[in-house]
Amino acid sequence: MHELSIVSSVVDTVTETVAAYPGARVKEVRLRVGALASVVVDSLEFCWGIATEGTALEGSRLVVNVLPVVMHCVPCGKDVELEGVQSFRCPKCGEPCLDLRQGRELEIDSIEIDEMDEAEEKI
Ligand SMILES: [Zn+2]
């Protein structure tokens with residue numbers, strides 16, 4: 001499963017990051033996923049429970065922030081947000097847009113951890 005390998009690599013990255021905080025438990029991990037990243041958000045959340053089992057991330061929550069597709073429209077001279085991923089035309093002037101500015105992201109946005117003495121800390 002494609003999503004499981006994505007989630008596994010996120011778990012690895014977060015595990016390395018929190019290794020600097022002994023005894024810390026991960027509470028929440030936020031991901032930024034572009035609408036064109038071709039991942040199924042429900043599958044990511046489903047795989048999260050499996051991939052985090054037995055790690056410092058066990059019991060944590062995965063929050064997926066889906067980013068809309070943004071293209072640069074030459075006739076309009078600015079970046080426009082597309083309403084869907086079916087049509088790559090500017091919603092303002094109707095011209096085809098080919099210059100992708102946002103939509104393929106797949107990255108960790110933030111990690112929230114719970115330390116032994118301190119209540120919360122944002123990395
Ligand atoms: Zn336009």
# chains A, B, ... in the order shown; residues from 1 in each chain; ligands from 1
call {"tool": "residues_around", "arguments": {"residues": "Ser8 of chain A", "least_positions_apart": "4", "cutoff": "7 Å", "atoms": "only C-alpha atoms", "output": "count of residues only"}}
result
3
call {"tool": "residues_near_ligand", "arguments": {"ligand": "ligand 1", "cutoff": "8 Å", "atoms": "only C-alpha atoms and all ligand atoms", "output": "JSON, numbers by chain"}}
result
{"A": [73, 74, 75, 76, 77, 78, 80, 89, 90, 91, 92, 93, 94, 95, 97]}
call {"tool": "residues_around", "arguments": {"residues": "segment 62-72 of chain A", "least_positions_apart": "6", "cutoff": "7 Å", "atoms": "only C-alpha atoms", "output": "PDB file with N, CA and C atoms, in the first residue's frame"}}
result
ATOM      1  N   GLU A  28       0.671  14.840  18.520  1.00  0.00           N
ATOM      2  CA  GLU A  28       0.032  15.131  17.239  1.00  0.00           C
ATOM      3  C   GLU A  28       1.070  15.434  16.168  1.00  0.00           C
ATOM      4  N   VAL A  29       0.824  14.937  14.975  1.00  0.00           N
ATOM      5  CA  VAL A  29       1.687  15.239  13.838  1.00  0.00           C
ATOM      6  C   VAL A  29       0.802  15.817  12.745  1.00  0.00           C
ATOM      7  N   ARG A  30       1.226  16.966  12.240  1.00  0.00           N
ATOM      8  CA  ARG A  30       0.457  17.610  11.164  1.00  0.00           C
ATOM      9  C   ARG A  30       1.205  17.485   9.847  1.00  0.00           C
ATOM     10  N   LEU A  31       0.493  17.075   8.819  1.00  0.00           N
ATOM     11  CA  LEU A  31       1.083  16.939   7.492  1.00  0.00           C
ATOM     12  C   LEU A  31       0.448  17.944   6.549  1.00  0.00           C
ATOM     13  N   ARG A  32       1.261  18.405   5.604  1.00  0.00           N
ATOM     14  CA  ARG A  32       0.740  19.246   4.522  1.00  0.00           C
ATOM     15  C   ARG A  32       0.766  18.387   3.267  1.00  0.00           C
ATOM     16  N   VAL A  33      -0.394  18.142   2.703  1.00  0.00           N
ATOM     17  CA  VAL A  33      -0.493  17.292   1.527  1.00  0.00           C
ATOM     18  C   VAL A  33      -1.195  18.055   0.412  1.00  0.00           C
ATOM     19  N   GLY A  34      -0.528  18.184  -0.719  1.00  0.00           N
ATOM     20  CA  GLY A  34      -1.131  18.858  -1.860  1.00  0.00           C
ATOM     21  C   GLY A  34      -2.230  18.011  -2.478  1.00  0.00           C
ATOM     22  N   ALA A  35      -3.211  18.674  -3.064  1.00  0.00           N
ATOM     23  CA  ALA A  35      -4.346  17.969  -3.664  1.00  0.00           C
ATOM     24  C   ALA A  35      -3.914  17.057  -4.814  1.00  0.00           C
ATOM     25  N   VAL A  41      -6.370  10.526   1.970  1.00  0.00           N
ATOM     26  CA  VAL A  41      -6.248  10.984   3.357  1.00  0.00           C
ATOM     27  C   VAL A  41      -6.766   9.937   4.349  1.00  0.00           C
ATOM     28  N   GLU A  45      -4.670   8.110   7.500  1.00  0.00           N
ATOM     29  CA  GLU A  45      -5.122   8.049   8.897  1.00  0.00           C
ATOM     30  C   GLU A  45      -5.248   6.603   9.364  1.00  0.00           C
ATOM     31  N   TRP A  48      -1.793   5.162   9.935  1.00  0.00           N
ATOM     32  CA  TRP A  48      -1.115   5.812  11.055  1.00  0.00           C
ATOM     33  C   TRP A  48      -1.134   4.928  12.308  1.00  0.00           C
ATOM     34  N   LYS A  78      -1.192  36.397 -12.432  1.00  0.00           N
ATOM     35  CA  LYS A  78      -1.109  36.089 -11.004  1.00  0.00           C
ATOM     36  C   LYS A  78      -1.387  34.612 -10.721  1.00  0.00           C
ATOM     37  N   ASP A  79      -1.157  34.223  -9.461  1.00  0.00           N
ATOM     38  CA  ASP A  79      -1.410  32.850  -9.045  1.00  0.00           C
ATOM     39  C   ASP A  79      -2.896  32.688  -8.745  1.00  0.00           C
ATOM     40  N   VAL A  80      -3.471  31.614  -9.243  1.00  0.00           N
ATOM     41  CA  VAL A  80      -4.895  31.367  -9.015  1.00  0.00           C
ATOM     42  C   VAL A  80      -5.082  29.985  -8.386  1.00  0.00           C
ATOM     43  N   GLU A  81      -6.088  29.894  -7.528  1.00  0.00           N
ATOM     44  CA  GLU A  81      -6.395  28.635  -6.861  1.00  0.00           C
ATOM     45  C   GLU A  81      -7.443  27.894  -7.693  1.00  0.00           C
ATOM     46  N   LEU A  82      -7.139  26.661  -8.058  1.00  0.00           N
ATOM     47  CA  LEU A  82      -8.095  25.893  -8.857  1.00  0.00           C
ATOM     48  C   LEU A  82      -9.157  25.292  -7.942  1.00  0.00           C
ATOM     49  N   CYS A  97      -3.931  26.507 -17.566  1.00  0.00           N
ATOM     50  CA  CYS A  97      -2.768  26.850 -16.752  1.00  0.00           C
ATOM     51  C   CYS A  97      -1.843  25.642 -16.678  1.00  0.00           C
ATOM     52  N   LEU A  98      -0.570  25.848 -16.847  1.00  0.00           N
ATOM     53  CA  LEU A  98       0.388  24.742 -16.824  1.00  0.00           C
ATOM     54  C   LEU A  98       1.465  24.939 -15.771  1.00  0.00           C
ATOM     55  N   ASP A  99       1.516  26.111 -15.190  1.00  0.00           N
ATOM     56  CA  ASP A  99       2.591  26.446 -14.270  1.00  0.00           C
ATOM     57  C   ASP A  99       2.146  26.202 -12.826  1.00  0.00           C
ATOM     58  N   LEU A 100       2.433  24.983 -12.349  1.00  0.00           N
ATOM     59  CA  LEU A 100       1.987  24.582 -11.017  1.00  0.00           C
ATOM     60  C   LEU A 100       2.832  25.252  -9.925  1.00  0.00           C
ATOM     61  N   ARG A 101       2.153  25.904  -8.991  1.00  0.00           N
ATOM     62  CA  ARG A 101       2.868  26.572  -7.888  1.00  0.00           C
ATOM     63  C   ARG A 101       2.673  25.843  -6.556  1.00  0.00           C
ATOM     64  N   GLN A 102       1.564  25.130  -6.420  1.00  0.00           N
ATOM     65  CA  GLN A 102       1.289  24.386  -5.193  1.00  0.00           C
ATOM     66  C   GLN A 102       0.344  23.249  -5.516  1.00  0.00           C
ATOM     67  N   GLY A 103       0.515  22.123  -4.801  1.00  0.00           N
ATOM     68  CA  GLY A 103      -0.415  21.014  -5.027  1.00  0.00           C
ATOM     69  C   GLY A 103       0.221  19.640  -4.945  1.00  0.00           C
TER      70      GLY A 103
END
call {"tool": "atom_distance", "arguments": {"atom1": "atom CA of Glu107 of chain A", "atom2": "atom CA of Thr17 of chain A"}}
result
14.1 Å
call {"tool": "select_by_dssp", "arguments": {"residues": "chain A", "states": "alpha helix (DSSP H)", "output": "ChimeraX atom specification"}}
result
/A:2-18,41-51
call {"tool": "atom_distance", "arguments": {"atom1": "atom CA of Glu105 of chain A", "atom2": "atom CA of Leu36 of chain A"}}
result
8.0 Å
call {"tool": "atom_distance", "arguments": {"atom1": "atom CA of Asp42 of chain A", "atom2": "atom CA of His2 of chain A"}}
result
12.5 Å
call {"tool": "closest_residue", "arguments": {"among": "A:Ile111, A:Leu57, A:Ala37, A:Val85", "to": "Gly23 of chain A", "atoms": "only C-alpha atoms"}}
result
A:Leu57
call {"tool": "closest_residue", "arguments": {"among": "A:Leu106, A:Glu58, A:Pro22, A:Ser43", "to": "Ser9 of chain A", "atoms": "only C-alpha atoms"}}
result
A:Leu106
call {"tool": "closest_residue", "arguments": {"among": "A:Gly49, A:Arg25, A:Thr55, A:Ser60", "to": "Val7 of chain A", "atoms": "only C-alpha atoms"}}
result
A:Gly49
call {"tool": "closest_residue", "arguments": {"among": "A:Val26, A:Pro96, A:Asp114, A:Asp109", "to": "Gly59 of chain A", "atoms": "only C-alpha atoms"}}
result
A:Val26
call {"tool": "select_by_dssp", "arguments": {"residues": "chain A", "states": "strand (DSSP E or B)", "output": "count of residues only"}}
result
42
call {"tool": "closest_residue", "arguments": {"among": "A:Ser5, A:Ile113, A:Arg104, A:Thr15", "to": "Ala56 of chain A", "atoms": "only C-alpha atoms"}}
result
A:Thr15
call {"tool": "closest_residue", "arguments": {"among": "A:Glu115, A:Thr52, A:Ser87, A:Phe46", "to": "Val14 of chain A", "atoms": "only C-alpha atoms"}}
result
A:Thr52
